[in-house]
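Participant: PDB, C-alpha atoms and all ligand atoms, saved as data_22.pdb, coming up:
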ATOM      1  CA  MET S   1    -261.416-122.369  62.293
ATOM      2  CA  HIS S   2    -258.414-124.565  62.698
ATOM      3  CA  PHE S   3    -256.449-126.091  59.871
ATOM      4  CA  GLN S   4    -253.965-128.881  59.890
ATOM      5  CA  TRP S   5    -251.060-129.132  57.553
ATOM      6  CA  TYR S   6    -248.321-131.569  56.768
ATOM      7  CA  PRO S   7    -244.829-130.150  57.287
ATOM      8  CA  GLY S   8    -243.101-133.207  55.802
ATOM      9  CA  HIS S   9    -244.779-132.746  52.433
ATOM     10  CA  MET S  10    -244.045-129.070  52.415
ATOM     11  CA  THR S  11    -240.320-129.511  53.024
ATOM     12  CA  LYS S  12    -240.022-132.171  50.352
ATOM     13  CA  ALA S  13    -241.929-130.154  47.767
ATOM     14  CA  LYS S  14    -239.913-127.046  48.479
ATOM     15  CA  ARG S  15    -236.625-128.929  48.168
ATOM     16  CA  MET S  16    -237.660-130.427  44.845
ATOM     17  CA  MET S  17    -238.672-127.041  43.575
ATOM     18  CA  GLN S  18    -235.361-125.486  44.625
ATOM     19  CA  GLU S  19    -233.564-128.180  42.629
ATOM     20  CA  ASN S  20    -235.752-127.840  39.562
ATOM     21  CA  ILE S  21    -235.710-124.090  39.500
ATOM     22  CA  LYS S  22    -231.980-124.143  38.815
ATOM     23  CA  LEU S  23    -232.695-125.823  35.482
ATOM     24  CA  ILE S  24    -235.131-123.315  34.079
ATOM     25  CA  ASP S  25    -235.328-119.817  32.598
ATOM     26  CA  LEU S  26    -239.003-119.148  33.211
ATOM     27  CA  VAL S  27    -241.462-119.709  36.031
ATOM     28  CA  ILE S  28    -245.096-120.072  34.948
ATOM     29  CA  GLU S  29    -247.055-119.547  38.142
ATOM     30  CA  LEU S  30    -250.710-120.537  38.259
ATOM     31  CA  VAL S  31    -252.995-118.729  40.639
ATOM     32  CA  ASP S  32    -256.719-119.234  41.138
ATOM     33  CA  ALA S  33    -258.448-116.233  39.574
ATOM     34  CA  ARG S  34    -261.080-116.309  42.333
ATOM     35  CA  ILE S  35    -258.409-115.674  44.994
ATOM     36  CA  PRO S  36    -255.238-114.599  43.209
ATOM     37  CA  LEU S  37    -253.270-113.604  46.313
ATOM     38  CA  SER S  38    -254.499-116.181  48.794
ATOM     39  CA  SER S  39    -253.670-118.918  46.283
ATOM     40  CA  ARG S  40    -250.020-117.830  46.059
ATOM     41  CA  ASN S  41    -247.156-118.794  48.239
ATOM     42  CA  PRO S  42    -244.978-115.737  48.887
ATOM     43  CA  ASP S  43    -241.829-117.922  48.884
ATOM     44  CA  ILE S  44    -242.161-118.113  45.117
ATOM     45  CA  ASP S  45    -240.660-114.643  44.762
ATOM     46  CA  ASP S  46    -237.493-115.655  46.598
ATOM     47  CA  LEU S  47    -237.298-118.985  44.831
ATOM     48  CA  SER S  48    -237.702-117.407  41.394
ATOM     49  CA  GLN S  49    -235.071-114.705  41.659
ATOM     50  CA  ASN S  50    -233.444-113.961  38.305
ATOM     51  CA  LYS S  51    -236.021-115.975  36.398
ATOM     52  CA  ALA S  52    -238.524-114.632  33.922
ATOM     53  CA  ARG S  53    -242.023-114.712  35.405
ATOM     54  CA  ILE S  54    -245.505-115.306  34.094
ATOM     55  CA  VAL S  55    -248.645-115.368  36.206
ATOM     56  CA  LEU S  56    -251.588-117.303  34.803
ATOM     57  CA  LEU S  57    -254.973-116.349  36.215
ATOM     58  CA  ASN S  58    -256.349-119.864  35.930
ATOM     59  CA  LYS S  59    -259.994-120.882  36.353
ATOM     60  CA  SER S  60    -260.788-117.415  35.041
ATOM     61  CA  ASP S  61    -264.079-118.913  33.804
ATOM     62  CA  LEU S  62    -265.201-119.179  37.435
ATOM     63  CA  ALA S  63    -264.150-115.674  38.430
ATOM     64  CA  ASN S  64    -265.761-112.313  37.730
ATOM     65  CA  GLU S  65    -264.503-111.076  34.374
ATOM     66  CA  LYS S  66    -264.234-107.433  35.373
ATOM     67  CA  VAL S  67    -262.216-108.355  38.444
ATOM     68  CA  ASN S  68    -260.053-110.682  36.316
ATOM     69  CA  ASP S  69    -258.986-107.614  34.357
ATOM     70  CA  GLU S  70    -258.264-105.727  37.560
ATOM     71  CA  TRP S  71    -256.075-108.562  38.776
ATOM     72  CA  LYS S  72    -254.320-108.752  35.421
ATOM     73  CA  LYS S  73    -253.416-105.100  35.755
ATOM     74  CA  TYR S  74    -252.400-105.584  39.390
ATOM     75  CA  PHE S  75    -249.823-108.233  38.487
ATOM     76  CA  GLU S  76    -248.672-106.388  35.367
ATOM     77  CA  ASP S  77    -248.004-103.311  37.481
ATOM     78  CA  LYS S  78    -245.765-105.503  39.631
ATOM     79  CA  GLY S  79    -243.751-106.500  36.558
ATOM     80  CA  PHE S  80    -245.281-109.899  35.773
ATOM     81  CA  PHE S  81    -246.472-111.027  32.395
ATOM     82  CA  VAL S  82    -250.074-112.143  32.846
ATOM     83  CA  VAL S  83    -252.563-114.273  30.923
ATOM     84  CA  LYS S  84    -256.159-115.076  31.869
ATOM     85  CA  VAL S  85    -256.777-118.733  31.105
ATOM     86  CA  ASN S  86    -259.253-121.548  31.381
ATOM     87  CA  SER S  87    -257.033-124.608  31.340
ATOM     88  CA  LYS S  88    -260.021-126.895  31.250
ATOM     89  CA  ASN S  89    -261.433-125.760  27.913
ATOM     90  CA  GLY S  90    -258.303-124.087  26.584
ATOM     91  CA  LEU S  91    -259.584-120.523  26.460
ATOM     92  CA  GLY S  92    -256.654-118.085  26.539
ATOM     93  CA  ILE S  93    -254.065-120.844  26.232
ATOM     94  CA  LYS S  94    -253.074-119.871  22.721
ATOM     95  CA  ASN S  95    -251.817-116.531  24.068
ATOM     96  CA  VAL S  96    -249.338-118.178  26.402
ATOM     97  CA  ASN S  97    -246.725-118.962  23.770
ATOM     98  CA  GLY S  98    -246.385-115.364  22.645
ATOM     99  CA  ILE S  99    -246.185-114.179  26.249
ATOM    100  CA  ILE S 100    -243.402-116.690  26.921
ATOM    101  CA  GLN S 101    -241.380-115.124  24.123
ATOM    102  CA  ASP S 102    -242.047-111.639  25.522
ATOM    103  CA  ALA S 103    -241.168-112.669  29.067
ATOM    104  CA  CYS S 104    -237.918-114.260  27.916
ATOM    105  CA  LYS S 105    -236.824-111.536  25.503
ATOM    106  CA  GLU S 106    -233.785-110.647  27.606
ATOM    107  CA  LYS S 107    -232.588-114.231  27.814
ATOM    108  CA  ILE S 108    -233.080-114.777  24.097
ATOM    109  CA  GLU S 109    -231.155-111.568  23.384
ATOM    110  CA  ARG S 110    -228.374-112.572  25.801
ATOM    111  CA  ASP S 111    -228.078-115.948  24.068
ATOM    112  CA  ARG S 112    -227.977-114.289  20.682
ATOM    113  CA  LYS S 113    -225.130-111.985  21.720
ATOM    114  CA  ARG S 114    -223.177-115.007  22.878
ATOM    115  CA  GLY S 115    -223.747-116.657  19.529
ATOM    116  CA  ILE S 116    -226.262-119.164  20.918
ATOM    117  CA  LEU S 117    -229.129-119.344  18.487
ATOM    118  CA  ASN S 118    -232.487-121.015  18.951
ATOM    119  CA  ARG S 119    -231.865-122.503  22.372
ATOM    120  CA  PRO S 120    -235.355-123.215  23.657
ATOM    121  CA  VAL S 121    -236.647-121.481  26.733
ATOM    122  CA  ARG S 122    -237.009-123.901  29.625
ATOM    123  CA  ALA S 123    -240.043-123.410  31.781
ATOM    124  CA  MET S 124    -241.589-124.870  34.906
ATOM    125  CA  VAL S 125    -245.206-124.680  36.018
ATOM    126  CA  VAL S 126    -245.733-123.969  39.702
ATOM    127  CA  GLY S 127    -248.675-123.419  42.012
ATOM    128  CA  ILE S 128    -250.557-124.616  45.071
ATOM    129  CA  PRO S 129    -252.360-127.986  44.997
ATOM    130  CA  ASN S 130    -255.538-128.086  42.919
ATOM    131  CA  VAL S 131    -254.912-124.784  41.152
ATOM    132  CA  GLY S 132    -254.897-126.616  37.800
ATOM    133  CA  LYS S 133    -251.213-127.318  37.107
ATOM    134  CA  SER S 134    -251.694-130.751  35.499
ATOM    135  CA  THR S 135    -254.724-129.594  33.542
ATOM    136  CA  PHE S 136    -252.752-126.629  32.236
ATOM    137  CA  ILE S 137    -249.750-128.744  31.241
ATOM    138  CA  ASN S 138    -251.998-131.199  29.398
ATOM    139  CA  THR S 139    -253.928-128.510  27.575
ATOM    140  CA  PHE S 140    -250.909-126.390  26.803
ATOM    141  CA  ALA S 141    -248.710-129.233  25.680
ATOM    142  CA  GLY S 142    -251.560-130.901  23.808
ATOM    143  CA  LYS S 143    -250.939-133.689  21.378
ATOM    144  CA  ALA S 144    -248.190-131.917  19.489
ATOM    145  CA  ALA S 145    -245.768-132.140  22.360
ATOM    146  CA  THR S 146    -243.115-134.792  22.539
ATOM    147  CA  LYS S 147    -241.328-135.841  25.668
ATOM    148  CA  THR S 148    -237.596-135.534  25.586
ATOM    149  CA  GLY S 149    -235.342-137.655  27.745
ATOM    150  CA  ASN S 150    -232.156-136.862  29.575
ATOM    151  CA  LYS S 151    -229.926-134.234  28.160
ATOM    152  CA  PRO S 152    -226.429-133.135  29.054
ATOM    153  CA  GLY S 153    -226.560-130.769  31.988
ATOM    154  CA  VAL S 154    -229.984-131.911  33.049
ATOM    155  CA  THR S 155    -230.409-133.951  36.192
ATOM    156  CA  LYS S 156    -230.922-137.574  35.304
ATOM    157  CA  GLY S 157    -234.520-138.618  34.987
ATOM    158  CA  LYS S 158    -235.994-135.204  34.347
ATOM    159  CA  GLN S 159    -238.559-135.221  31.589
ATOM    160  CA  TRP S 160    -239.021-132.241  29.342
ATOM    161  CA  ILE S 161    -241.978-131.694  27.101
ATOM    162  CA  LYS S 162    -240.902-130.081  23.873
ATOM    163  CA  LEU S 163    -243.750-127.725  23.039
ATOM    164  CA  ASN S 164    -242.234-126.288  19.897
ATOM    165  CA  LYS S 165    -238.805-125.249  18.747
ATOM    166  CA  ASN S 166    -238.812-122.368  21.216
ATOM    167  CA  VAL S 167    -240.108-123.857  24.451
ATOM    168  CA  GLU S 168    -239.489-126.880  26.657
ATOM    169  CA  LEU S 169    -241.574-127.519  29.745
ATOM    170  CA  LEU S 170    -240.548-129.569  32.751
ATOM    171  CA  ASP S 171    -243.232-132.225  32.962
ATOM    172  CA  THR S 172    -243.429-132.220  36.768
ATOM    173  CA  PRO S 173    -245.011-129.105  38.183
ATOM    174  CA  GLY S 174    -243.666-127.455  41.298
ATOM    175  CA  ILE S 175    -246.026-127.693  44.227
ATOM    176  CA  LEU S 176    -246.145-124.719  46.508
ATOM    177  CA  TRP S 177    -247.993-124.739  49.761
ATOM    178  CA  PRO S 178    -250.417-121.956  50.464
ATOM    179  CA  LYS S 179    -249.802-119.863  53.544
ATOM    180  CA  PHE S 180    -252.867-119.776  55.676
ATOM    181  CA  GLU S 181    -251.841-118.650  59.104
ATOM    182  CA  ASP S 182    -254.113-115.760  58.252
ATOM    183  CA  GLN S 183    -257.747-116.749  58.953
ATOM    184  CA  ILE S 184    -259.186-114.987  55.939
ATOM    185  CA  VAL S 185    -256.678-116.627  53.611
ATOM    186  CA  GLY S 186    -257.547-120.012  55.118
ATOM    187  CA  LEU S 187    -261.231-119.320  54.650
ATOM    188  CA  ARG S 188    -260.800-118.385  50.989
ATOM    189  CA  LEU S 189    -258.678-121.447  50.292
ATOM    190  CA  ALA S 190    -261.291-123.609  51.968
ATOM    191  CA  LEU S 191    -264.090-122.082  49.920
ATOM    192  CA  ILE S 192    -262.407-122.869  46.605
ATOM    193  CA  GLY S 193    -261.759-126.408  47.840
ATOM    194  CA  SER S 194    -258.011-126.224  48.342
ATOM    195  CA  ILE S 195    -258.162-127.489  51.883
ATOM    196  CA  LYS S 196    -259.728-130.851  52.523
ATOM    197  CA  ASP S 197    -263.348-130.607  53.594
ATOM    198  CA  GLU S 198    -262.962-133.269  56.285
ATOM    199  CA  ILE S 199    -260.903-130.926  58.387
ATOM    200  CA  LEU S 200    -263.363-128.078  58.105
ATOM    201  CA  ASN S 201    -266.620-127.083  59.600
ATOM    202  CA  VAL S 202    -268.782-126.810  56.474
ATOM    203  CA  GLU S 203    -271.589-124.942  58.186
ATOM    204  CA  GLU S 204    -269.193-122.249  59.321
ATOM    205  CA  LEU S 205    -267.823-122.087  55.789
ATOM    206  CA  ALA S 206    -271.311-121.774  54.294
ATOM    207  CA  ILE S 207    -272.204-118.974  56.712
ATOM    208  CA  GLU S 208    -269.069-117.073  55.698
ATOM    209  CA  LEU S 209    -269.929-117.560  52.019
ATOM    210  CA  ILE S 210    -273.458-116.267  52.590
ATOM    211  CA  LYS S 211    -272.069-113.215  54.398
ATOM    212  CA  PHE S 212    -269.680-112.495  51.535
ATOM    213  CA  LEU S 213    -272.248-112.992  48.801
ATOM    214  CA  SER S 214    -274.987-110.986  50.441
ATOM    215  CA  SER S 215    -272.731-107.952  50.716
ATOM    216  CA  ASN S 216    -270.746-108.311  47.465
ATOM    217  CA  TYR S 217    -273.123-110.044  45.051
ATOM    218  CA  LYS S 218    -276.434-108.581  46.084
ATOM    219  CA  GLY S 219    -279.543-110.451  45.035
ATOM    220  CA  LEU S 220    -277.666-113.532  43.921
ATOM    221  CA  LEU S 221    -278.687-115.877  46.733
ATOM    222  CA  GLU S 222    -282.281-114.662  46.622
ATOM    223  CA  GLU S 223    -282.373-115.312  42.890
ATOM    224  CA  ARG S 224    -280.715-118.713  42.945
ATOM    225  CA  TYR S 225    -282.519-120.237  45.924
ATOM    226  CA  LYS S 226    -285.719-118.206  45.884
ATOM    227  CA  ILE S 227    -285.189-117.131  49.455
ATOM    228  CA  GLU S 228    -285.964-113.772  50.956
ATOM    229  CA  ASP S 229    -283.979-113.143  54.092
ATOM    230  CA  VAL S 230    -280.220-113.075  53.594
ATOM    231  CA  GLU S 231    -279.556-110.334  56.134
ATOM    232  CA  ASP S 232    -279.004-112.943  58.800
ATOM    233  CA  PRO S 233    -276.739-115.640  57.317
ATOM    234  CA  VAL S 234    -277.918-118.318  59.743
ATOM    235  CA  VAL S 235    -281.526-117.714  58.781
ATOM    236  CA  ALA S 236    -280.521-117.726  55.115
ATOM    237  CA  LEU S 237    -278.893-121.134  55.517
ATOM    238  CA  HIS S 238    -282.041-122.455  57.214
ATOM    239  CA  ASN S 239    -284.090-121.084  54.335
ATOM    240  CA  ILE S 240    -281.870-122.786  51.757
ATOM    241  CA  ALA S 241    -282.204-126.064  53.673
ATOM    242  CA  GLN S 242    -285.966-125.629  53.775
ATOM    243  CA  ILE S 243    -286.429-124.763  50.140
ATOM    244  CA  ARG S 244    -284.105-127.497  48.937
ATOM    245  CA  GLN S 245    -285.717-130.068  51.235
ATOM    246  CA  CYS S 246    -282.490-130.810  53.101
ATOM    247  CA  LYS S 247    -284.019-132.811  55.935
ATOM    248  CA  LEU S 248    -282.873-135.216  58.575
ATOM    249  CA  ARG S 249    -285.030-137.966  59.987
ATOM    250  CA  GLY S 250    -287.855-136.452  61.993
ATOM    251  CA  ASN S 251    -288.127-133.556  59.552
ATOM    252  CA  GLU S 252    -285.335-131.585  61.182
ATOM    253  CA  LEU S 253    -283.387-129.359  58.770
ATOM    254  CA  ASP S 254    -280.100-130.813  57.563
ATOM    255  CA  LEU S 255    -277.872-127.757  57.651
ATOM    256  CA  MET S 256    -274.781-129.704  56.749
ATOM    257  CA  LYS S 257    -276.396-130.904  53.547
ATOM    258  CA  ALA S 258    -277.555-127.381  52.708
ATOM    259  CA  SER S 259    -274.055-126.062  53.415
ATOM    260  CA  ASN S 260    -272.481-128.628  51.114
ATOM    261  CA  LEU S 261    -275.016-127.832  48.426
ATOM    262  CA  LEU S 262    -274.288-124.103  48.604
ATOM    263  CA  ILE S 263    -270.510-124.574  48.627
ATOM    264  CA  GLU S 264    -270.672-127.000  45.718
ATOM    265  CA  ASP S 265    -272.843-124.578  43.743
ATOM    266  CA  PHE S 266    -270.183-121.928  44.319
ATOM    267  CA  ARG S 267    -267.233-124.160  43.435
ATOM    268  CA  SER S 268    -268.798-125.461  40.258
ATOM    269  CA  GLY S 269    -269.750-122.006  39.035
ATOM    270  CA  LYS S 270    -273.504-122.612  39.328
ATOM    271  CA  LEU S 271    -273.771-119.467  41.432
ATOM    272  CA  GLY S 272    -272.137-117.520  38.635
ATOM    273  CA  ARG S 273    -268.671-116.066  38.204
ATOM    274  CA  ILE S 274    -267.537-114.975  41.632
ATOM    275  CA  THR S 275    -264.230-113.545  42.807
ATOM    276  CA  LEU S 276    -263.692-113.703  46.548
ATOM    277  CA  GLU S 277    -260.713-111.398  46.733
ATOM    278  CA  LEU S 278    -260.244-107.937  45.274
ATOM    279  CA  PRO S 279    -257.017-106.139  44.483
ATOM    280  CA  GLY S 280    -256.378-103.408  46.993
ATOM    281  CA  GLU S 281    -258.013-105.261  49.894
ATOM    282  CA  SER S 282    -255.786-106.366  52.699
TER     283      SER S 282
HETATM  284  P1  LIG Y 301    -253.172-129.513  40.226
HETATM  285  O1  LIG Y 301    -252.388-130.295  39.211
HETATM  286  O2  LIG Y 301    -252.677-128.096  40.366
HETATM  287  O3  LIG Y 301    -253.284-130.163  41.567
HETATM  288  O4  LIG Y 301    -254.671-129.340  39.678
HETATM  289  P2  LIG Y 301    -255.455-130.188  38.560
HETATM  290  O5  LIG Y 301    -254.881-129.943  37.210
HETATM  291  O6  LIG Y 301    -255.563-131.604  39.020
HETATM  292  O7  LIG Y 301    -256.874-129.478  38.592
HETATM  293  C1  LIG Y 301    -257.691-129.464  39.748
HETATM  294  C2  LIG Y 301    -259.139-129.317  39.357
HETATM  295  O8  LIG Y 301    -259.351-128.032  38.749
HETATM  296  C3  LIG Y 301    -259.635-130.328  38.334
HETATM  297  O9  LIG Y 301    -261.003-130.579  38.625
HETATM  298  C4  LIG Y 301    -259.570-129.559  37.023
HETATM  299  O10 LIG Y 301    -260.446-130.052  36.027
HETATM  300  C5  LIG Y 301    -259.997-128.188  37.488
HETATM  301  N1  LIG Y 301    -259.507-127.102  36.611
HETATM  302  C6  LIG Y 301    -258.238-126.867  36.210
HETATM  303  N2  LIG Y 301    -258.163-125.754  35.466
HETATM  304  C7  LIG Y 301    -259.427-125.257  35.392
HETATM  305  C8  LIG Y 301    -259.996-124.089  34.775
HETATM  306  O11 LIG Y 301    -259.324-123.250  34.161
HETATM  307  N3  LIG Y 301    -261.345-123.924  34.937
HETATM  308  C9  LIG Y 301    -262.122-124.801  35.632
HETATM  309  N4  LIG Y 301    -263.417-124.539  35.733
HETATM  310  N5  LIG Y 301    -261.607-125.894  36.231
HETATM  311  C10 LIG Y 301    -260.281-126.113  36.118
HETATM  312  P3  LIG Y 301    -261.489-131.940  39.246
HETATM  313  O12 LIG Y 301    -262.888-131.723  39.659
HETATM  314  O13 LIG Y 301    -260.502-132.401  40.281
HETATM  315  O14 LIG Y 301    -261.409-132.908  38.047
HETATM  316  P4  LIG Y 301    -262.342-132.974  36.747
HETATM  317  O15 LIG Y 301    -263.588-133.627  37.217
HETATM  318  O16 LIG Y 301    -262.572-131.588  36.251
HETATM  319  O17 LIG Y 301    -261.530-133.788  35.798
END
If you took the structure in this file and wrote it as structure tokens, what would it be?
Facilitator:
Amino acid sequence: MHFQWYPGHMTKAKRMMQENIKLIDLVIELVDARIPLSSRNPDIDDLSQNKARIVLLNKSDLANEKVNDEWKKYFEDKGFFVVKVNSKNGLGIKNVNGIIQDACKEKIERDRKRGILNRPVRAMVVGIPNVGKSTFINTFAGKAATKTGNKPGVTKGKQWIKLNKNVELLDTPGILWPKFEDQIVGLRLALIGSIKDEILNVEELAIELIKFLSSNYKGLLEERYKIEDVEDPVVALHNIAQIRQCKLRGNELDLMKASNLLIEDFRSGKLGRITLELPGES
């Protein structure tokens, strides 16, 4: 598979993030719980040096709950504070505030020693496109939040959302680009819908999904589509097309339609809660 990317966008986004990161104490990094490593950009570690760090396993509602816990532990072992969240319906969001205080304990203590009391923690949300940054900000900030304008020491025009007396959030999230020179990373990003479908071969993607599901989520495809043979992924795709009446003119099977149907069922969670990447795998 071949992916195209847009270097101009990447450079601009990275520059903006470098500027914004200077203004904050805490980086709240969203990853997609279905592919927690493939949905990260490794540059974030360099960019965030000396900042407190939180990883949010977002879209945790779409990922396997047992594996969510494994990933939580994985990131905690690496020194991150971690929360499993569903930014769409708000599940887990109420835990974020407490974790922010924990993650910023050192800064708060440092301030206190210097006689600075109650200076709010300043945070920025970062993540790859489509990981849920805007949804998270909206849900987290909610109605209670008020936007604050320019402040001394803050670059003109920056908007902060005052969440409570302890936390201010930069209202523009930092966009990181995923790194998908690695084929498997590219494939996983494509499956969750992070890479535009127009530049992908959907049939190839569907075949890869069938291969993954038939070896990691046994019985699932058979159950969902009432098909029998999933040993051979190409046959399985034909069977899905047949059973779902995906037909072209002349009664030929429409494999593209069947592929889109399968991928959409996966993305929307209709296939169940599926994690594509496990901790400990390369
Ligand atoms: P971004 O700012 O990082 O680019 O992402 P954005 O918030 O726009 O979210 C991208 C999509 O992911 C949206 O779906 C959003 O609803 C969905 N989403 C965000 N967080 C979660 C989550 O925790 N769980 C689930 N299931 N979905 C989540 P969309 O289809 O583009 O829009 P919509 O139809 O949902 O409004």
Participant: Given the PyMOL selection byres (((chain S and resi 234) around 10) and not hetatm) and the file above, list the residues it selects as a compact mmCIF listing (two decimals) with C-alpha atoms, in the frame of the given file.
Facilitator:
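The resulting file, out-v7.txt, is shown below:
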# COMPACT_ATOMS: atom_id res chain seq x y z
CA GLU S 203 -271.59 -124.94 58.19
CA GLU S 204 -269.19 -122.25 59.32
CA ALA S 206 -271.31 -121.77 54.29
CA ILE S 207 -272.20 -118.97 56.71
CA GLU S 208 -269.07 -117.07 55.70
CA ILE S 210 -273.46 -116.27 52.59
CA LYS S 211 -272.07 -113.22 54.40
CA ASP S 229 -283.98 -113.14 54.09
CA VAL S 230 -280.22 -113.08 53.59
CA GLU S 231 -279.56 -110.33 56.13
CA ASP S 232 -279.00 -112.94 58.80
CA PRO S 233 -276.74 -115.64 57.32
CA VAL S 235 -281.53 -117.71 58.78
CA ALA S 236 -280.52 -117.73 55.12
CA LEU S 237 -278.89 -121.13 55.52
CA HIS S 238 -282.04 -122.46 57.21
CA ASN S 239 -284.09 -121.08 54.34
CA ILE S 240 -281.87 -122.79 51.76
CA LEU S 255 -277.87 -127.76 57.65
Participant: Residues contacting ligand LIG 301 (chain Y) - anything with an atom at most 9 Å away, using all atoms listed in the file - can you give me those as a ChimeraX atom specification?
Facilitator: /S:30,32-33,57-62,85-91,126-138,173,175,267-269
Participant: The PyMOL selection byres (((chain S and resi 163) around 12) and not hetatm) on the file shown: which residues, as an NGL selection string?
Facilitator: :S and (96-97 or 100 or 120-123 or 137-148 or 160-162 or 164-171)
Participant: Any idea what's packed within 9 Å of Arg34 (chain S), counting all atoms listed in the file, ignoring anything in its chain fewer than 3 positions away? Could you give it as a PDB file with C-alpha atoms, keeping the file's coordinate frame?
Facilitator:
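File out.pdb, as written:
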ATOM      1  CA  VAL S  31    -252.995-118.729  40.639  1.00  0.00           C
ATOM      2  CA  SER S  39    -253.670-118.918  46.283  1.00  0.00           C
ATOM      3  CA  LEU S  57    -254.973-116.349  36.215  1.00  0.00           C
ATOM      4  CA  ASN S  58    -256.349-119.864  35.930  1.00  0.00           C
ATOM      5  CA  LYS S  59    -259.994-120.882  36.353  1.00  0.00           C
ATOM      6  CA  SER S  60    -260.788-117.415  35.041  1.00  0.00           C
ATOM      7  CA  LEU S  62    -265.201-119.179  37.435  1.00  0.00           C
ATOM      8  CA  ALA S  63    -264.150-115.674  38.430  1.00  0.00           C
ATOM      9  CA  ASN S  64    -265.761-112.313  37.730  1.00  0.00           C
ATOM     10  CA  VAL S  67    -262.216-108.355  38.444  1.00  0.00           C
ATOM     11  CA  ASN S  68    -260.053-110.682  36.316  1.00  0.00           C
ATOM     12  CA  ARG S 188    -260.800-118.385  50.989  1.00  0.00           C
ATOM     13  CA  ILE S 192    -262.407-122.869  46.605  1.00  0.00           C
ATOM     14  CA  ARG S 273    -268.671-116.066  38.204  1.00  0.00           C
ATOM     15  CA  ILE S 274    -267.537-114.975  41.632  1.00  0.00           C
ATOM     16  CA  THR S 275    -264.230-113.545  42.807  1.00  0.00           C
ATOM     17  CA  LEU S 276    -263.692-113.703  46.548  1.00  0.00           C
ATOM     18  CA  GLU S 277    -260.713-111.398  46.733  1.00  0.00           C
ATOM     19  CA  LEU S 278    -260.244-107.937  45.274  1.00  0.00           C
TER      20      LEU S 278
END
Participant: Can you spell out as a PyMOL selection string the set of residues that the PyMOL selection byres (((chain S and resi 22) around 10) and not hetatm) selects in the structure I just provided?
Facilitator: chain S and resi 17-21+23-25+47-48+51+154
Participant: Tell me, in Å to one decimal, how far CA of Ala13 (chain S) is from CA of Lys107 (chain S).
Facilitator: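 Pair CA of Ala13 (chain S) / CA of Lys107 (chain S) returns 27.2 Å.
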Participant: Go through S:Ile28, S:Ala258, S:Val83, S:Ile35 one by one, measure the shortest atom-to-atom distance of each to Ala190 (chain S) using only C-alpha atoms, and give the residue with the smallest value.
Facilitator: S:Ile35
Participant: Would you work out the distance separating CA of Arg119 (chain S) from CA of Thr172 (chain S), expressed in Å to one decimal?
Facilitator: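 Between CA of Arg119 (chain S) and CA of Thr172 (chain S) the gap works out to 20.9 Å.
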Participant: What separation in Å, quoted to one decimal, exists between CA of Ile108 (chain S) and CA of Tyr74 (chain S)?
Facilitator: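 According to the coordinates, CA of Ile108 (chain S) and CA of Tyr74 (chain S) are separated by 26.3 Å.
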Participant: Kindly indicate which residue among S:Glu65, S:Glu109, S:Glu228, S:Asp45 lies nearest to Lys78 (chain S), using only C-alpha atoms for the distances.
Facilitator: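 Distance minimum relative to Lys78 (chain S) lands on S:Asp45.
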Participant: Residues within 12 Å of (-248.5, -134.0, 50.0), file coordinates, counting all atoms listed in the file: what are they? Give the list as a ChimeraX atom specification.
Facilitator: /S:5-14,128-130,174-177,195-196
Participant: Each side padded by 8 Å, which centre and which edge lengths in Å (one decimal) define the axis-aligned box around the listed atoms of region 252-265 of chain S? Give them as JSON.
Facilitator:
{"center_x": -277.9, "center_y": -127.8, "center_z": 52.5, "size_x": 30.8, "size_y": 23.5, "size_z": 33.4}
Participant: Which residue gives the smallest distance to Asn201 (chain S) among S:Asn50, S:Asn118, S:Asn251, S:Ser259, with all atoms listed in the file counted?
Facilitator: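 Nearest candidate to Asn201 (chain S) out of S:Asn50, S:Asn118, S:Asn251, S:Ser259: S:Ser259.
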